[in-house]
Each structure stands twice: as C-alpha cells, then as structure tokens.
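Presented below is the structure to which this report refers.
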There are 2 protein chains.
Amino acid sequence: MKEILTNIKLTLSYDGTNYHGFQRQKNALAIQEVIESCLSKIYNEEIRITASSRTDAGVHARGQTINYYPTFHNIPEKRIPYALNSVLPEDIRVLESEVVPIKFHSRHDAQSKVYSYTIDRGRFHSVFWRLYSYHMPFSLDIKAMQEGTQYLQGRHDLSSFCAAGSNVISKEREIKMAYWSEEGDLIRFYIEADGFLYNMIRIITGTLIEVGRQKIAPRRMLEILEARDRRLAGPTAPANGLCLEKVSY
Amino acid sequence: MKEILTNIKLTLSYDGTNYHGFQRQKNALAIQEVIESCLSKIYNEEIRITASSRTDAGVHARGQTINYYPTFHNIPEKRIPYALNSVLPEDIRVLESEVVPIKFHSRHDAQSKVYSYTIDRGRFHSVFWRLYSYHMPFSLDIKAMQEGTQYLQGRHDLSSFCAAGSNVISKEREIKMAYWSEEGDLIRFYIEADGFLYNMIRIITGTLIEVGRQKIAPRRMLEILEARDRRLAGPTAPANGLCLEKVSY
C-alpha cells in the first residue's frame with residue numbers, strides 16, 4: 001500500500017453539458033475520468049480523486065471540490081490550477097488548490113453545500129442561457145414561491161422530495177438557507193443544506209414552480225413535506241438548470 | 001418578377017459559436033442559410049432574407065434584424081416567432097416579428113446599432129462565459145479605459161480603427177454612445193453608432209485594452225483617432241466577445 005504523504009484539495013467549475021455526469025462510468029465520458037486522466041498526466045502517475053458530490057448528467061458546477069493524494073508533491077501548490085488547466089478541456093476549470101491535512105475527505109467532511117437552480121422565464125429560451133437554465137415561459141408568482149420556500153427551512157425528513165429508488169438510511173437533512181433571486185428574465189433558486197437526497201433540489205424546484213403557476217398553494221409545501229410521500233410533490237425539474245455553487249468545510 | 005405584397009421584419013438572437021458568420025457562403029454553414037431554409041420550410045416557398053449586419057464568424061446577437069417578402073402572408077404576424085422557432089436550432093431564436101412597409105430595408109434603413117464587447121477578467125476563463133467573452137486575466141485600469149473611450153464620442157473619420165482591405169468610400173461614422181460597465185468578473189463595452197467599419201469595434205476594444213493595461217495613455221486615443229492610421233491602434237480583439245445588441249430604425 002502506498003504511503004500517503006500529501007492530500008490536495010481542488011475547487012472546480014464545469015459546464016456539464018458535454019459529460020455524462022461527474023462519476024466515472026463505462027461507455028460514457030464523465031468529468032471524473034477527464035480530471036483523473038489530466039492529473040495522471042501532469043503528475044506522471046495514476047491519480048484517483050474523491051469529489052464532494054457526484055453531480056448528475058447535465059448538472060454544472062461553480063464550486064465543486066475534490067481531493068487526491070499525489071506520491072510526489074512536485075508541483076508547487078499555487079501552480080496546480082495553471083498546470084491542470086493547460087491540459088483540461090475548456091469546459092472544466094480548476095479555480096483553486098490547497099494542501100489539506102491527510103485525513104481531509106472532500107465528501108465526508110463537507111459541512112454544507114449551496115446549489116442554484118436557474119429558470120429562464122423569457123418568452124423564448126435565451127440562446128446564451130439555453131444550456132444553463134430551464135425554460136419556463138409562463139407567468140410565475142415569485143411571491144408565492146418565496147412563501148412556499150420558507151416552509152423548507154430547518155431540519156426535516158425530506159422523503160417527499162427524494163426520488164424513488166434511493167436507499168439512504170436517514171432522509172433527514174437540515175436546510176440552512178433557501179430563497180429565490182430575480183435577475184431580468186432569469187430567476188434563481190439558492191439552497192444550502194448539510195446534505196441532499198437524490199434529485200431533491202430538482203423535485204423541490206419542480207414543486208415550487210407549481211406554486212409559482214398557482215397550481216399549488218404556498219402553504220401546501222408544508223403539508224407535502226410532512227406527508228413524507230414523493231407522490232404529493234411536483235415533477236422533477238430538468239438537470240441543466242442545476243449548478244453546484246459552493247461546498248463548505 | 002414576383003409582386004411584393006408583404007414585408008416582414010424579424011428580431012433575432014443567436015449564439016454564433018457553431019456558424020461561419022451570418023452571410024451565406026459556400027462550404028461552410030452560415031446563419032443566413034439556416035434561417036432561409038427554415039423560413040422556406042414554414043412558408044413552403046423559397047425565401048431570401050436581408051439582414052441589418054453581416055456579423056462575422058463567432059460573433060453573437062441579442063437583437064439582429066432581418067426582413068423578407070413572403071408571397072402569401074399566411075402565418076399570423078404574432079405566430080411567426082413560434083412557427084419559426086419550432087424548426088430552428090436552439091442556438092438561433094426569433095424574438096419578435098412585425099409587418100413593415102414594403103419599402104423597409106433592414107440594412108439601408110438602420111439609423112444606429114448597439115454592439116457590446118464582453119471581457120472576462122477572472123483569473124481563469126469562466127466555463128459559462130467562455131464562448132461569449134474574451135479572457136483577459138490581467139489587471140485593467142477601467143477608469144483609464146472610460147477616459148480613453150470619451151475621445152471616441154461624436155462624428156469622426158475612423159480609418160485608424162478599420163481593418164486593412166476595407167473598400168468603403170467614406171470612413172466617417174458617428175459614435176453616439178460608448179462606455180464600459182462592470183458586472184463582477186465581466187466588463188462590457190457598449191458602443192452605439194450610425195454605422196461600423198470592418199472590425200471597428202474589435203480594433204477599438206483591442207486598443208482600449210492596451211489603455212487598461214497602461215501600455216497607452218488614455219489621451220493617446222485622440223492622437224490615434226486623428227492620425228487615421230490603422231498601424232497606430234492596438235490589436236483586433238477576438239470575435240467571440242462581440243454581440244449585436246440592438247438595431248434602431
């Protein structure tokens with residue numbers, strides 16, 4: 001077994017459009033594979049990485065974090081982003097690098113994560129945001145959506161907002177922050193939690209869109225939450241509106 | 001000769017990344033060809049269009065205008081964007097449609113056009129803006145750039161900011177407005193004129209970047225302008241930062 005002497009944490013941004021999600025898989029190109037192959041090239045040894053989140057196909061990141069253990073720490077810490085970006089494709093960028101304690105684990109040690117979900121409510125889908133937003137050209141009652149969002153704050157069993165087939169033991173998570181912001185035709189949902197269930201943000205967003213379209217009353221969010229029944233929540237919003245913004249340790 | 005009964009003006013937005021410019025050409029796909037082919041499909045006759053500007057390869061648009069003459073005005077005016085967007089690729093969107101007088105010509109009748117040029121001054125090129133901005137990770141003195149920009153206002157012979165090989169008769173144009181705006185890592189140059197010479201905005205931007213990098217004093221912009229000599233201006237900034245924002249009639 002190789003002795004671990006150095007642990008390096010990287011912060012990454014990527015456009016997920018051209019990849020089949022983060023996690024390495026057979027028969028499809030994943031972001032993990034591209035990063036591991038580029039790291040292995042610059043370190044001249046096989047490098048495997050661990051990520052804070054295994055984002056799904058089409059999901060983007062502004063602040064994904066990973067860590068890895070090079071045998072020889074022969075690239076100065078601050079030069080790693082430049083070295084790695086020179087071999088990475090342009091849709092993946094390393095923003096920061098840091099030497100961290102050996103026991104640091106990018107997934108297990110994450111205290112909270114912030115995601116955003118972007119909706120384009122313009123009459124036609126913006127050509128510039130088409131890959132980074134969900135097009136919803138109907139009138140949305142943002143005030144009702146903000147109200148419905150408030151019921152999510154705090155620690156809850158979030159089974160109603162978890163895709164079927166997930167086999168995690170506890171579905172309790174703490175939502176630390178959740179709100180909508182408006183920027184012209186774009187509206188953005190920001191949500192911070194100590195962890196997320198499978199498809200949780202996309203189901204919450206899909207449900208809040210129903211609130212915005214006045215198909216569900218804002219207060220109904222509380223009833224859906226308390227029912228712990230996925231069938232009561234709205235549809236799963238598409239992947240390409242979702243973006244991992246920040247991971248805190 | 002076909003009798004012209006109807007003249008229709010469209011406002012378009014496009015992501016120019018995947019096209020070899022606006023103007024139809026042999027051996028390369030142009031935006032004009034895609035639009036004409038889609039219009040011919042929905043009208044069931046051959047339609048040719050005239051555009052306000054023949055944007056170069058890689059250049060984008062938020063408000064390009066075109067006009068065309070269908071023999072039968074059989075699609076209700078307000079339905080044209082929906083009909084056309086349903087057959088156009090996602091990187092070209094029709095935003096507005098309007099029946100205009102027969103004599104209206106989208107290029108000859110344009111009174112002024114607004115373009116923007118976007119620079120990403122982040123340490124690494126944003127994955128989300130990589131196709132729509134020029135990456136300039138050096139310190140830029142925006143105040144100096146604003147000052148240099150002021151000398152451009154008004155009517156001038158703009159030969160210093162025109163690519164060699166252009167054979168227009170008069171190089172006099174009126175710059176009605178020009179300024180820089182800051183939005184986080186992005187800085188944007190907005191310029192409105194009654195017309196633009198070949199590569200004019202990209203050469204002006206390239207020169208103002210030299211001002212921002214303190215290689216040229218702001219006041220030097222006036223001397224360059226008055227010299228009417230392309231060799232004194234800075235380099236031509238890359239196409240993908242440029243976007244046609246609006247055409248006024």
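Every chain in the structure tokens has a letter given in the order shown (A, B, ...), and although residue numbers restart at 1 in each chain, ligands are simply numbered from 1 in the order shown.
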
Going by DSSP on the backbone, which bits of region 2-64 of chain A are alpha helix (DSSP H)? Write them as a PyMOL selection string, please. chain A and resi 31-43

Using only C-alpha atoms and a distance of at most 10 Å, pull out the residues of chain A that contact chain B, as a PyMOL selection string. chain A and resi 13-16+60-62+81-82+85+89-96+122-132

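For the choices A:Ser170, A:Glu192, A:Ala144, A:Val247, the atom-to-atom distance to Thr207 (chain A) is smallest for A:Ala144 when using only C-alpha atoms.
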
Please compute the CA of Pro76 (chain A)-CA of Thr6 (chain A) distance, one decimal, in Å. 12.2 Å

Residues at most 10 Å from region 241-246 of chain B, counting only C-alpha atoms, excluding those fewer than 4 positions away in the same chain, as number ranges by chain? B: 11-16, 53, 55-56, 58-65, 112-120, 129-135, 188-192, 201-202, 205, 237
